[in-house]
Amino acid sequence: MKKLCSVLMVAVMSLSSAILPAFNASAASISNSSYPEALKYSIWFYDANKCGKDVAVDNVFSWRSACHTTDGSDIGIDLTGGFHDCGDHIKFGITNGYAASILGWSLYEFKAGFDASGTTNKMLSTLKYFTDYIMNCRESSTKYYYHVGDPSDHEYWGPPEAQTGSRTIKRYMGSGQGAADVCGLYSGALSLMYLNYKDIDPTYANKCLTAAKELYALGKNNPGVGNADGFYTSSDWKDDMAWAAMWLYVIEKNNSYLNDANSWLPSPATNWTMCWNDMKLAVAAVGASATGDSKYKDALTSSMTFWKNGVSTSNGGLKILDSWGTLRYTSAQCMLSLVYYKLYKDESAKSFAKSQIDYILGDNPANMSYIIGFGSNYPKHPHHRAASGYVGWDNWKSPAKNVLTGALVGGPDNSDRYTDETDKFTCTEVGIDYNAGLVGAMAGMVQFYCDIPQYTNPPVTPTPTNPSIKYGDINNDGEVNAIDFAALRQYLLGIPTSNLNLTAADVNLDGETDSLDFGIMRRFLLGMLGSLPYRG
């Protein structure tokens with residue numbers, strides 16, 4: 001088994017290196033062909049922040065595996081799964097809900113961009129990890145958990161796999177426990193999963209919609225904002241519930257949802273942008289498309305004017321709304337700008353997004369990419385425990401052992417200076433909320449700037465088990481072993497290989513042979529799964 005594990009790890013490392021080609025990010029090289037690669041990487045980042053028993057499944061990072069596998073066991077509830085917040089390991093409802101919402105909206109809004117770049121399946125896999133967790137945290141129709149982790153988490157520096165023991169703080173939404181902000185974001189995320197998944201797996205999609213309605217009712221009956229120990233303090237819950245209402249209106253065209261949204265958010269205008277604490281402009285964008293009401297367009301137009309003329313600009317051309325995590329706001333506004341372009345064909349909005357995205361990718365005074373792993377010059381000291389790879393504080397400021405591919409760092413200051421030091425949180429922190437708007441913006445850039453075929457992935461229809469097939473026996477030698485694993489790796493890398501049984505390689509029975517099957521094969525050979533096929 002030790003020898004087999006060694007072979008498997010070499011194979012995984014080989015695959016990782018093969019799918020991380022070098023790219024020279026400089027002002028001259030930011031061409032339209034850069035956007036699909038940046039989109040792919042920005043989705044990959046979420047694999048680094050997965051939590052729970054199934055972290056290694058469909059994960060591009062060989063240095064991540066199962067962690068925090070007992071979350072909720074002390075209270076008799078399985079609260080495993082979901083995503084760590086930033087470089088820490090707390091699971092905050094507000095950022096899980098925001099990221100799941102914006103990522104789901106990105107796929108809904110810019111599906112052609114995902115399809116054209118070949119990232120649709122990976123995006124769906126990531127979204128399902130979010131929605132599985134949200135629904136897994138349901139104790140009853142009137143009680144959902146949303147927070148797992150203690151403030152003392154920040155006193156620990158090391159990979160999540162090495163952080164053992166019970167996490168004592170868990171919080172729920174329910175009677176007397178108002179967290180309507182999280183309810184709204186969770187509901188919106190689940191409604192979007194229904195829309196994105198209904199042609200793939202109607203049963204799962206309808207399960208998401210049922211949960212979306214439960215959470216919506218829960219938020220209406222228990223107003224107030226959630227408790228995140230001061231790390232995230234919502235200004236209000238009404239914009240989040242309006243977000244949930246708007247998506248339920250899109251699905252069912254029931255005016256009661258629209259009336260609720262108008263009651264909670266009579267005016268969506270704001271001089272900020274979309275973020276975990278402000279969903280007004282996101283509501284406006286969906287409302288503009290769904291209703292045509294001029295107040296929504298006016299709010300979006302006002303925001304575009306503010307960002308072009310009212311937000312401070314660095315000498316290098318970066319729009320800076322706030323000094324902490326600058327690029328999370330800029331990338332979120334880029335996504336909104338591309339939605340605005342899609343709605344109203346305003347070329348200036350599309351050009352604005354391009355100027356800011358190109359800056360992020362390397363068209364800046366430092367000739368530096370602020371997406372880790374993209375290009376040859378990118379941050380090496382992200383504030384991220386898993387990527388760091390060190391246990392204990394002695395080496396915590398050292399360059400990360402692992403490349404946190406796809407992570408958007410906070411970014412430079414208003415003088416275009418970036419301080420690449422682990423403890424400079426305003427610059428080097430990363431987060432699941434940071435990357436959410438970036439994914440949407442990159443998908444929009446692919447959709448509107450890339451001259452590539454716009455194909456549509458066919459709906460995946462799970463295939464029945466064929467008793468005559470030995471699943472996993474890809475080379476038809478009667479055994480399932482590392483030779484089959486290596487053969488699958490070669491196939492996925494595009495290396496010509498003959499006499500492969502691709503039907504046997506479809507070990508999750510989804511009708512395709514892809515990275516999901518690769519991850520399941522890895523788990524099976526490591527003894528983590530009892531048998532094949534494995535539907536998940």
# chains A, B, ... in the order shown; residues from 1 in each chain; ligands from 1
>>> select_by_dssp(residues="range 105-192 of chain A", states="alpha helix (DSSP H)", output="PyMOL selection string")
chain A and resi 105-109+111-117+120-136+180-192
>>> residues_around(residues="Ser289 in chain A", least_positions_apart="6", cutoff="10 Å", atoms="only C-alpha atoms", output="list of chain:residue names")
A:Val250, A:Tyr296, A:Lys297, A:Val339, A:Tyr340, A:Lys342, A:Leu343
>>> residues_around(residues="Ser166 in chain A", least_positions_apart="6", cutoff="12 Å", atoms="only C-alpha atoms", output="list in words")
Cys67, His68, Thr69, Thr70, Asp71, Gly72, Ser73, Asp74, Ile75, Leu79, Thr80, Val148, Gly149, Asp150 and Asp153 of chain A
>>> residues_around(residues="Val403 in chain A", least_positions_apart="3", cutoff="7 Å", atoms="only C-alpha atoms", output="list in words")
Gly373, Ala387 and Ala400 of chain A
>>> write_last_selection(atoms="C-alpha atoms", output="PDB file, in the first residue's frame")
ATOM      1  CA  GLY A 373      -0.222  31.139 -10.229  1.00  0.00           C
ATOM      2  CA  ALA A 387      -1.003  27.088   1.226  1.00  0.00           C
ATOM      3  CA  ALA A 400       4.130  29.484   0.854  1.00  0.00           C
TER       4      ALA A 400
END
>>> select_by_dssp(residues="range 131-300 of chain A", states="strand (DSSP E)", output="MDAnalysis selection string")
chainID A and resid 138:140 143:148 170:173
>>> residues_around(residues="range 90-94 of chain A", least_positions_apart="3", cutoff="9 Å", atoms="only C-alpha atoms", output="PyMOL selection string")
chain A and resi 51+82-86+97-99+134+145-151+153-154+181-183+185-186+226+228+232+234+276-277
>>> closest_residue(among="A:Gly511, A:Gly76, A:Gly224, A:Gly362", to="Gly178 in chain A", atoms="only C-alpha atoms")
A:Gly224
>>> atom_distance(atom1="CA of Arg138 in chain A", atom2="CA of Met246 in chain A")
22.8 Å
>>> closest_atom_pairs(of="range 213-308 of chain A", to="range 344-356 of chain A", cutoff="10 Å", atoms="only C-alpha atoms", output="Markdown table")
| residue | atom | partner | partner_atom | distance |
| --- | --- | --- | --- | --- |
| A:Lys297 | CA | A:Tyr344 | CA | 9.1 |
| A:Thr301 | CA | A:Ala349 | CA | 9.6 |
| A:Met304 | CA | A:Ala349 | CA | 7.2 |
| A:Thr305 | CA | A:Ala349 | CA | 9.6 |
| A:Trp307 | CA | A:Phe352 | CA | 9.1 |
| A:Lys308 | CA | A:Phe352 | CA | 7.8 |
>>> atom_distance(atom1="CA of Lys470 in chain A", atom2="CA of Thr120 in chain A")
28.7 Å
